[in-house]
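For reference, target-v7.cif is printed below; it contains mmCIF, C-alpha atoms.
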data_work
loop_
_atom_site.group_PDB
_atom_site.id
_atom_site.type_symbol
_atom_site.label_atom_id
_atom_site.label_comp_id
_atom_site.auth_asym_id
_atom_site.auth_seq_id
_atom_site.Cartn_x
_atom_site.Cartn_y
_atom_site.Cartn_z
ATOM 1 C CA MET A 1 -49.484 23.033 0.081
ATOM 2 C CA VAL A 2 -49.674 19.877 2.145
ATOM 3 C CA LEU A 3 -46.465 18.380 3.460
ATOM 4 C CA PRO A 4 -45.774 15.921 6.275
ATOM 5 C CA MET A 5 -46.874 17.954 9.260
ATOM 6 C CA ILE A 6 -45.452 18.520 12.717
ATOM 7 C CA LEU A 7 -48.354 19.340 15.008
ATOM 8 C CA VAL A 8 -47.674 21.357 18.151
ATOM 9 C CA HIS A 9 -50.253 20.781 20.887
ATOM 10 C CA ASP A 10 -48.281 22.179 23.829
ATOM 11 C CA ALA A 11 -49.807 25.541 24.772
ATOM 12 C CA ALA A 12 -46.366 26.624 25.961
ATOM 13 C CA VAL A 13 -45.080 26.465 22.392
ATOM 14 C CA ARG A 14 -46.332 29.702 20.935
ATOM 15 C CA SER A 15 -44.457 31.295 18.074
ATOM 16 C CA ILE A 16 -44.012 29.309 14.869
ATOM 17 C CA TYR A 17 -40.890 31.339 14.147
ATOM 18 C CA ARG A 18 -37.519 30.166 15.338
ATOM 19 C CA THR A 19 -36.271 33.723 15.911
ATOM 20 C CA PRO A 20 -37.692 37.262 15.668
ATOM 21 C CA ALA A 21 -35.235 37.936 12.839
ATOM 22 C CA GLY A 22 -36.568 34.940 10.935
ATOM 23 C CA ARG A 23 -40.138 36.166 11.400
ATOM 24 C CA ASP A 24 -39.109 39.543 10.023
ATOM 25 C CA SER A 25 -37.448 37.933 6.992
ATOM 26 C CA ILE A 26 -40.629 36.052 6.107
ATOM 27 C CA ARG A 27 -42.824 39.085 6.620
ATOM 28 C CA GLN A 28 -40.479 41.211 4.504
ATOM 29 C CA TRP A 29 -40.678 38.684 1.651
ATOM 30 C CA CYS A 30 -44.474 38.821 1.754
ATOM 31 C CA GLU A 31 -44.524 42.621 1.861
ATOM 32 C CA GLU A 32 -42.134 42.858 -1.085
ATOM 33 C CA GLN A 33 -44.143 40.410 -3.190
ATOM 34 C CA LEU A 34 -47.403 42.246 -2.527
ATOM 35 C CA SER A 35 -45.831 45.666 -3.118
ATOM 36 C CA ALA A 36 -44.579 44.506 -6.530
ATOM 37 C CA TRP A 37 -47.924 42.911 -7.473
ATOM 38 C CA PRO A 38 -49.373 45.010 -10.331
ATOM 39 C CA VAL A 39 -52.982 44.262 -9.373
ATOM 40 C CA GLN A 40 -54.548 47.079 -7.360
ATOM 41 C CA HIS A 41 -55.316 45.827 -3.878
ATOM 42 C CA ASP A 42 -55.771 46.786 -0.235
ATOM 43 C CA ARG A 43 -54.320 45.224 2.884
ATOM 44 C CA HIS A 44 -55.550 45.313 6.437
ATOM 45 C CA VAL A 45 -55.585 43.282 9.649
ATOM 46 C CA ILE A 46 -58.734 41.946 11.318
ATOM 47 C CA ARG A 47 -59.354 39.800 14.389
ATOM 48 C CA ALA A 48 -60.744 36.311 13.739
ATOM 49 C CA GLN A 49 -60.899 33.600 16.395
ATOM 50 C CA GLY A 50 -58.993 36.028 18.598
ATOM 51 C CA GLU A 51 -55.980 36.093 16.267
ATOM 52 C CA ASP A 52 -54.599 38.912 14.100
ATOM 53 C CA THR A 53 -55.403 37.972 10.516
ATOM 54 C CA HIS A 54 -53.864 39.758 7.543
ATOM 55 C CA VAL A 55 -56.281 40.191 4.634
ATOM 56 C CA VAL A 56 -55.632 41.218 1.025
ATOM 57 C CA THR A 57 -58.579 42.401 -1.088
ATOM 58 C CA ALA A 58 -58.505 42.873 -4.866
ATOM 59 C CA GLY A 59 -60.852 42.930 -7.829
ATOM 60 C CA ALA A 60 -64.562 43.707 -7.919
ATOM 61 C CA GLY A 61 -67.853 41.993 -8.594
ATOM 62 C CA PRO A 62 -71.124 40.865 -7.012
ATOM 63 C CA VAL A 63 -69.530 37.609 -5.841
ATOM 64 C CA THR A 64 -66.578 37.506 -3.465
ATOM 65 C CA VAL A 65 -64.039 34.672 -3.583
ATOM 66 C CA VAL A 66 -62.485 34.124 -0.162
ATOM 67 C CA PHE A 67 -59.149 32.385 -0.686
ATOM 68 C CA VAL A 68 -57.233 30.282 1.847
ATOM 69 C CA ALA A 69 -53.601 29.277 1.296
ATOM 70 C CA GLY A 70 -52.078 25.851 1.800
ATOM 71 C CA ASP A 71 -49.803 24.575 4.539
ATOM 72 C CA ARG A 72 -46.488 26.486 4.688
ATOM 73 C CA PHE A 73 -47.716 28.948 2.074
ATOM 74 C CA SER A 74 -49.010 32.503 2.398
ATOM 75 C CA THR A 75 -51.244 34.718 0.275
ATOM 76 C CA ALA A 76 -48.153 36.323 -1.266
ATOM 77 C CA ALA A 77 -47.079 32.940 -2.664
ATOM 78 C CA TYR A 78 -50.293 32.606 -4.736
ATOM 79 C CA LEU A 79 -50.235 35.791 -6.800
ATOM 80 C CA PRO A 80 -50.651 34.106 -10.223
ATOM 81 C CA LEU A 81 -53.887 32.470 -9.049
ATOM 82 C CA LEU A 82 -55.129 35.589 -7.255
ATOM 83 C CA THR A 83 -54.470 37.593 -10.409
ATOM 84 C CA ALA A 84 -56.666 35.214 -12.431
ATOM 85 C CA LEU A 85 -59.448 35.367 -9.832
ATOM 86 C CA ALA A 86 -59.331 39.165 -9.485
ATOM 87 C CA LYS A 87 -60.042 39.579 -13.207
ATOM 88 C CA GLN A 88 -63.616 38.441 -12.577
ATOM 89 C CA TYR A 89 -64.384 38.621 -8.858
ATOM 90 C CA ARG A 90 -63.788 40.501 -5.679
ATOM 91 C CA VAL A 91 -61.093 38.491 -3.928
ATOM 92 C CA VAL A 92 -60.390 38.314 -0.199
ATOM 93 C CA ALA A 93 -57.244 36.356 0.677
ATOM 94 C CA ALA A 94 -56.390 35.759 4.325
ATOM 95 C CA ASP A 95 -53.173 34.363 5.786
ATOM 96 C CA ILE A 96 -53.946 31.590 8.271
ATOM 97 C CA PRO A 97 -52.755 32.240 11.844
ATOM 98 C CA GLY A 98 -50.062 29.760 12.778
ATOM 99 C CA GLN A 99 -48.736 29.663 9.221
ATOM 100 C CA PRO A 100 -45.811 31.701 7.864
ATOM 101 C CA GLY A 101 -47.022 34.992 6.465
ATOM 102 C CA LEU A 102 -48.469 38.261 7.703
ATOM 103 C CA SER A 103 -51.041 36.933 10.185
ATOM 104 C CA SER A 104 -50.332 36.039 13.793
ATOM 105 C CA GLY A 105 -47.446 33.634 14.259
ATOM 106 C CA GLU A 106 -48.881 32.281 17.476
ATOM 107 C CA ALA A 107 -49.449 28.544 17.344
ATOM 108 C CA GLY A 108 -51.334 27.627 20.497
ATOM 109 C CA ALA A 109 -54.952 28.567 19.787
ATOM 110 C CA ALA A 110 -55.900 26.118 17.038
ATOM 111 C CA GLY A 111 -54.461 23.071 18.781
ATOM 112 C CA GLY A 112 -54.395 21.171 15.501
ATOM 113 C CA ARG A 113 -58.213 21.162 15.203
ATOM 114 C CA LEU A 114 -59.773 21.600 11.783
ATOM 115 C CA THR A 115 -62.963 22.857 13.433
ATOM 116 C CA TRP A 116 -60.992 25.845 14.801
ATOM 117 C CA TYR A 117 -59.828 26.795 11.312
ATOM 118 C CA GLY A 118 -63.335 26.394 9.902
ATOM 119 C CA THR A 119 -64.707 28.759 12.538
ATOM 120 C CA TRP A 120 -61.826 31.157 11.873
ATOM 121 C CA LEU A 121 -62.737 31.276 8.186
ATOM 122 C CA GLY A 122 -66.372 31.943 9.062
ATOM 123 C CA GLU A 123 -65.301 34.956 11.111
ATOM 124 C CA VAL A 124 -63.118 36.197 8.224
ATOM 125 C CA ILE A 125 -66.189 36.016 5.975
ATOM 126 C CA GLU A 126 -68.299 37.865 8.539
ATOM 127 C CA GLU A 127 -65.738 40.668 8.842
ATOM 128 C CA THR A 128 -64.826 41.150 5.176
ATOM 129 C CA THR A 129 -67.891 40.394 3.024
ATOM 130 C CA ALA A 130 -71.494 41.477 2.661
ATOM 131 C CA GLY A 131 -72.873 39.388 -0.217
ATOM 132 C CA PRO A 132 -72.572 35.856 -1.594
ATOM 133 C CA VAL A 133 -69.230 34.114 -1.129
ATOM 134 C CA VAL A 134 -67.386 31.268 -2.792
ATOM 135 C CA VAL A 135 -64.651 29.917 -0.531
ATOM 136 C CA PHE A 136 -61.595 28.658 -2.393
ATOM 137 C CA GLY A 137 -58.810 26.720 -0.717
ATOM 138 C CA HIS A 138 -55.702 24.900 -1.843
ATOM 139 C CA SER A 139 -54.274 21.878 -0.044
ATOM 140 C CA PHE A 140 -54.631 22.474 3.714
ATOM 141 C CA GLY A 141 -56.600 25.598 2.790
ATOM 142 C CA GLY A 142 -58.970 23.313 0.879
ATOM 143 C CA ALA A 143 -59.686 21.385 4.078
ATOM 144 C CA VAL A 144 -60.348 24.673 5.880
ATOM 145 C CA ALA A 145 -62.735 25.770 3.113
ATOM 146 C CA LEU A 146 -64.635 22.473 3.274
ATOM 147 C CA ALA A 147 -64.890 22.725 7.073
ATOM 148 C CA ALA A 148 -66.203 26.323 7.064
ATOM 149 C CA ASN A 149 -69.857 27.111 7.697
ATOM 150 C CA HIS A 150 -71.408 30.535 7.132
ATOM 151 C CA SER A 151 -74.721 31.645 5.709
ATOM 152 C CA ARG A 152 -72.989 33.707 2.994
ATOM 153 C CA ILE A 153 -71.142 30.705 1.552
ATOM 154 C CA HIS A 154 -72.870 29.854 -1.728
ATOM 155 C CA GLY A 155 -70.202 27.483 -3.010
ATOM 156 C CA LYS A 156 -66.853 25.885 -2.223
ATOM 157 C CA VAL A 157 -63.837 25.123 -4.403
ATOM 158 C CA ALA A 158 -61.239 22.815 -2.872
ATOM 159 C CA VAL A 159 -58.118 22.209 -4.968
ATOM 160 C CA ALA A 160 -55.879 19.276 -4.023
ATOM 161 C CA PRO A 161 -57.520 19.439 -0.591
ATOM 162 C CA GLY A 162 -56.355 17.856 2.590
ATOM 163 C CA GLY A 163 -59.044 16.517 4.869
ATOM 164 C CA LEU A 164 -60.706 14.089 2.438
ATOM 165 C CA CYS A 165 -58.356 11.140 2.818
ATOM 166 C CA ARG A 166 -54.938 10.263 4.118
ATOM 167 C CA LEU A 167 -52.295 11.577 1.779
ATOM 168 C CA ARG A 168 -49.831 9.367 -0.046
ATOM 169 C CA VAL A 169 -46.283 10.160 1.084
ATOM 170 C CA THR A 170 -43.829 8.166 -0.989
ATOM 171 C CA PRO A 171 -40.204 7.557 0.065
ATOM 172 C CA LEU A 172 -39.128 10.014 -2.639
ATOM 173 C CA VAL A 173 -41.357 12.765 -1.224
ATOM 174 C CA LEU A 174 -40.333 12.024 2.353
ATOM 175 C CA LEU A 175 -36.639 12.096 1.495
ATOM 176 C CA ALA A 176 -36.993 15.410 -0.337
ATOM 177 C CA PHE A 177 -38.997 16.846 2.551
ATOM 178 C CA LEU A 178 -36.421 15.820 5.152
ATOM 179 C CA SER A 179 -33.561 17.136 3.024
ATOM 180 C CA TRP A 180 -35.408 20.450 2.690
ATOM 181 C CA LEU A 181 -35.837 20.679 6.466
ATOM 182 C CA VAL A 182 -32.329 19.578 7.408
ATOM 183 C CA ARG A 183 -30.488 21.557 4.721
ATOM 184 C CA PRO A 184 -32.693 24.543 3.884
ATOM 185 C CA ARG A 185 -31.172 26.045 0.796
ATOM 186 C CA ALA A 186 -32.229 26.803 -2.765
ATOM 187 C CA ALA A 187 -31.183 23.379 -4.100
ATOM 188 C CA SER A 188 -33.293 21.392 -1.627
ATOM 189 C CA SER A 189 -36.261 23.744 -2.054
ATOM 190 C CA LEU A 190 -36.073 23.407 -5.831
ATOM 191 C CA ARG A 191 -35.906 19.628 -5.603
ATOM 192 C CA LEU A 192 -38.994 19.478 -3.397
ATOM 193 C CA LEU A 193 -40.976 21.890 -5.565
ATOM 194 C CA ARG A 194 -40.104 19.927 -8.705
ATOM 195 C CA ILE A 195 -41.524 16.787 -7.109
ATOM 196 C CA LEU A 196 -44.710 18.691 -6.254
ATOM 197 C CA SER A 197 -45.020 19.959 -9.824
ATOM 198 C CA ALA A 198 -45.996 18.131 -12.996
ATOM 199 C CA PRO A 199 -43.060 16.573 -14.903
ATOM 200 C CA GLY A 200 -41.214 19.156 -16.940
ATOM 201 C CA ARG A 201 -42.531 22.120 -14.968
ATOM 202 C CA ALA A 202 -39.992 24.611 -13.599
ATOM 203 C CA PRO A 203 -41.068 26.145 -10.268
ATOM 204 C CA ARG A 204 -41.026 29.929 -10.022
ATOM 205 C CA ALA A 205 -37.851 31.369 -8.559
ATOM 206 C CA ASP A 206 -40.025 33.253 -6.048
ATOM 207 C CA LEU A 207 -41.386 29.969 -4.704
ATOM 208 C CA VAL A 208 -37.897 28.531 -4.347
ATOM 209 C CA GLU A 209 -36.914 31.573 -2.307
ATOM 210 C CA TRP A 210 -40.086 31.327 -0.212
ATOM 211 C CA MET A 211 -39.636 27.654 0.611
ATOM 212 C CA THR A 212 -36.045 28.231 1.654
ATOM 213 C CA LEU A 213 -37.117 31.002 4.030
ATOM 214 C CA VAL A 214 -39.854 28.825 5.532
ATOM 215 C CA ALA A 215 -37.536 25.869 6.152
ATOM 216 C CA ARG A 216 -34.960 28.130 7.806
ATOM 217 C CA HIS A 217 -37.211 30.236 9.949
ATOM 218 C CA ALA A 218 -40.610 28.635 10.646
ATOM 219 C CA ARG A 219 -42.272 25.553 12.102
ATOM 220 C CA PRO A 220 -45.915 25.915 11.014
ATOM 221 C CA VAL A 221 -48.812 24.305 12.816
ATOM 222 C CA SER A 222 -51.842 23.048 10.916
ATOM 223 C CA SER A 223 -54.163 20.041 11.142
ATOM 224 C CA ASP A 224 -54.290 16.504 9.788
ATOM 225 C CA ASP A 225 -57.959 16.080 10.751
ATOM 226 C CA LEU A 226 -60.324 14.665 8.157
ATOM 227 C CA VAL A 227 -63.360 16.712 7.162
ATOM 228 C CA PRO A 228 -66.369 14.915 8.673
ATOM 229 C CA PRO A 229 -68.904 13.542 6.183
ATOM 230 C CA VAL A 230 -71.672 16.111 5.762
ATOM 231 C CA ALA A 231 -74.935 16.429 3.875
ATOM 232 C CA ARG A 232 -74.124 18.481 0.797
ATOM 233 C CA THR A 233 -76.279 21.592 1.081
ATOM 234 C CA THR A 234 -73.748 23.910 -0.577
ATOM 235 C CA PRO A 235 -72.396 23.305 -4.095
ATOM 236 C CA VAL A 236 -68.867 21.905 -3.914
ATOM 237 C CA VAL A 237 -66.212 21.578 -6.609
ATOM 238 C CA ILE A 238 -63.159 19.455 -5.818
ATOM 239 C CA ALA A 239 -60.189 19.304 -8.173
ATOM 240 C CA CYS A 240 -56.571 18.189 -8.377
ATOM 241 C CA GLY A 241 -53.820 17.632 -10.901
ATOM 242 C CA ASP A 242 -53.444 14.280 -12.619
ATOM 243 C CA GLN A 243 -49.801 14.197 -11.462
ATOM 244 C CA ASP A 244 -50.417 15.124 -7.817
ATOM 245 C CA VAL A 245 -47.942 13.139 -5.702
ATOM 246 C CA PHE A 246 -50.077 13.407 -2.552
ATOM 247 C CA LEU A 247 -53.519 12.865 -4.065
ATOM 248 C CA PRO A 248 -53.504 10.495 -7.033
ATOM 249 C CA PRO A 249 -56.855 10.840 -8.839
ATOM 250 C CA ASN A 250 -58.240 7.512 -7.607
ATOM 251 C CA ARG A 251 -57.463 8.352 -3.995
ATOM 252 C CA LEU A 252 -59.002 11.814 -4.233
ATOM 253 C CA ARG A 253 -62.029 10.443 -6.093
ATOM 254 C CA SER A 254 -62.739 7.971 -3.307
ATOM 255 C CA GLY A 255 -62.508 10.643 -0.594
ATOM 256 C CA ALA A 256 -64.589 13.169 -2.530
ATOM 257 C CA GLN A 257 -67.346 10.666 -3.201
ATOM 258 C CA GLN A 258 -67.432 9.347 0.353
ATOM 259 C CA ARG A 259 -67.487 12.731 2.090
ATOM 260 C CA PHE A 260 -69.178 15.085 -0.392
ATOM 261 C CA HIS A 261 -70.770 12.798 -3.003
ATOM 262 C CA VAL A 262 -69.026 14.569 -5.894
ATOM 263 C CA ASP A 263 -66.680 13.437 -8.631
ATOM 264 C CA PRO A 264 -63.515 15.556 -8.654
ATOM 265 C CA ASP A 265 -62.235 17.471 -11.664
ATOM 266 C CA ILE A 266 -58.882 16.027 -12.711
ATOM 267 C CA ILE A 267 -56.699 18.660 -14.369
ATOM 268 C CA SER A 268 -54.266 17.327 -16.927
ATOM 269 C CA ALA A 269 -50.547 18.137 -16.933
ATOM 270 C CA ALA A 270 -50.704 19.370 -13.340
ATOM 271 C CA GLY A 271 -49.147 18.420 -10.042
ATOM 272 C CA HIS A 272 -49.876 19.427 -6.463
ATOM 273 C CA LEU A 273 -48.869 22.964 -7.404
ATOM 274 C CA VAL A 274 -51.687 23.181 -9.958
ATOM 275 C CA THR A 275 -52.458 26.635 -8.535
ATOM 276 C CA ASP A 276 -49.218 27.867 -10.093
ATOM 277 C CA GLU A 277 -49.443 25.742 -13.219
ATOM 278 C CA HIS A 278 -53.027 26.444 -14.344
ATOM 279 C CA PRO A 279 -54.451 29.489 -12.541
ATOM 280 C CA ASP A 280 -56.935 30.364 -15.297
ATOM 281 C CA ARG A 281 -58.376 26.853 -15.357
ATOM 282 C CA LEU A 282 -58.899 27.008 -11.615
ATOM 283 C CA ALA A 283 -60.571 30.417 -11.828
ATOM 284 C CA ALA A 284 -63.012 28.841 -14.303
ATOM 285 C CA LEU A 285 -64.123 26.420 -11.561
ATOM 286 C CA VAL A 286 -65.503 29.393 -9.640
ATOM 287 C CA GLY A 287 -67.373 30.457 -12.756
ATOM 288 C CA ARG A 288 -69.149 27.109 -12.798
ATOM 289 C CA LEU A 289 -70.499 27.699 -9.296
ATOM 290 C CA VAL A 290 -71.414 31.313 -9.938
ATOM 291 C CA SER A 291 -73.329 30.518 -13.121
#
Now, as a test, write the supplied structure out as structure tokens.
Amino acid sequence: MVLPMILVHDAAVRSIYRTPAGRDSIRQWCEEQLSAWPVQHDRHVIRAQGEDTHVVTAGAGPVTVVFVAGDRFSTAAYLPLLTALAKQYRVVAADIPGQPGLSSGEAGAAGGRLTWYGTWLGEVIEETTAGPVVVFGHSFGGAVALAANHSRIHGKVAVAPGGLCRLRVTPLVLLAFLSWLVRPRAASSLRLLRILSAPGRAPRADLVEWMTLVARHARPVSSDDLVPPVARTTPVVIACGDQDVFLPPNRLRSGAQQRFHVDPDIISAAGHLVTDEHPDRLAALVGRLVS
């Protein structure tokens, strides 16, 4: 997910967690979600860009989908989408260091640079895969996927990606965001998630709980860099919901055409949380690249 970001560039500011107890609460939530996930999977920790990186692997197949979560989200918050992907592919999902989750909570290394995250993802691919890879990212994770460069990457799927254009932040979104930060409770989390969803969609109770924990206990660090225009040598699919509050279709279309010379897929009846709303339709985007 992309939200108005607070970037921390001071090397002295290290942990994204306000307290050790808060860090433990977030990690416990992730562990409980993954333990209850009915899809068979493995978990382990690797080193990428010098940071401990927690990796979940599930599914099987000749193609591996390497998934990257959005800003303020973790792998454990995307289980509906990962379930859809694991039906057809081997899936590797890595929590980004400096984001709430099971990877390192140290914030100093990246320094807000998208190039750092792209290199990090390349090292994750090197450590966890052996064959062709499709990288798949949502929101901030989409920007990371687009910035990554590795010889095994045979395609990229970026859903509601940051990094293509400046996001639209309306007064309604900003007010909900500030309320969520200042008064982190279920009501403010639910209000924010409803705004990020398509009209009429009810956010999962698990996501409401997750967002409340994040507002109370974490101050994530990511990047608002734009992905530099590049010659398209790897197939790219870019998509977003038609009701995305951050990336209205016309705005995303302009950024996608300027930077990657592609027309985005616009998914109907979907908001910024299209990953929760239409996981099977997003998994089909990978199938287009694979075929």
What residues come out when you apply the PyMOL selection byres ((chain A and resi 19-25) around 8) to this file, written as a PyMOL selection string?
-> chain A and resi 17-18+26-29+213+216-218
Residue nearest Arg281 of chain A among A:Val159, A:Leu167, A:Val92, A:Val173 (counting only C-alpha atoms) = A:Val159
Residues near Val290 of chain A, cut-off 12 Å, all atoms listed in the file, skip fewer than 6 positions along chain, as a PyMOL selection string | chain A and resi 61-65+88-89+132-135+153-157+235-237+283-284
Can you tell me, as a ChimeraX atom specification, which residues sit within 12 Å of (-36.2, 26.7, -7.3) in the file's frame, using all atoms listed in the file?
-> /A:180,184-197,201-212
Atom CA of Ala160 of chain A and atom CA of Gln243 of chain A, how far apart in Å?
->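 Spanning atom CA of Gln243 of chain A to atom CA of Ala160 of chain A is a straight-line distance of 10.9 Å.
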Atomic separation - atom CA of Arg219 of chain A relative to atom CA of Tyr78 of chain A, Å = 19.9 Å
Selection result for the PyMOL selection byres ((chain A and resi 251-254) around 12) on this file, as an MDAnalysis selection string | chainID A and resid 139 158:168 237:250 255:266
Using only C-alpha atoms, the residue out of A:Arg90, A:His278, A:His138, A:Arg47 with shortest distance to Thr75 of chain A is A:His138
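Closest to Gly98 of chain A among A:Ala215, A:Ala69, A:Ala110, A:Val55 is A:Ala110, based on all atoms listed in the file.
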Find the residues near Thr57 of chain A: any atom within 12 Å, counting all atoms listed in the file, skip ones fewer than 2 places away on the same chain, and give them as a PyMOL selection string.
-> chain A and resi 34+39-45+54-55+59-61+64-67+75+82-83+85-86+89-95+128-129
Mind working out the centre and edge lengths of an axis-aligned box for segment 153-165 of chain A, all listed atoms inside, 5 Å added to each side, rounded to one decimal in Å and written as AutoDock Vina command-line options?
--center_x -64.4 --center_y 20.9 --center_z 0.0 --size_x 27.0 --size_y 29.6 --size_z 19.8
Distance atom CA of Val124 of chain A-atom CA of Thr234 of chain A, one decimal place?
-> 18.5 Å
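With all atoms listed in the file as the basis for measurement, A:Pro80 is the residue among A:Pro80, A:Pro199, A:Pro97, A:Gly131 that approaches Leu282 of chain A most closely.
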Chain and number of each residue from the PyMOL selection byres ((chain A and resi 51) around 8), as a ChimeraX atom specification | /A:47-50,52-53,97,103-104
For His150 of chain A, which residue out of A:Ser222, A:Gly137, A:Thr233, A:Gly101 is the nearest one, using only C-alpha atoms?
-> A:Thr233
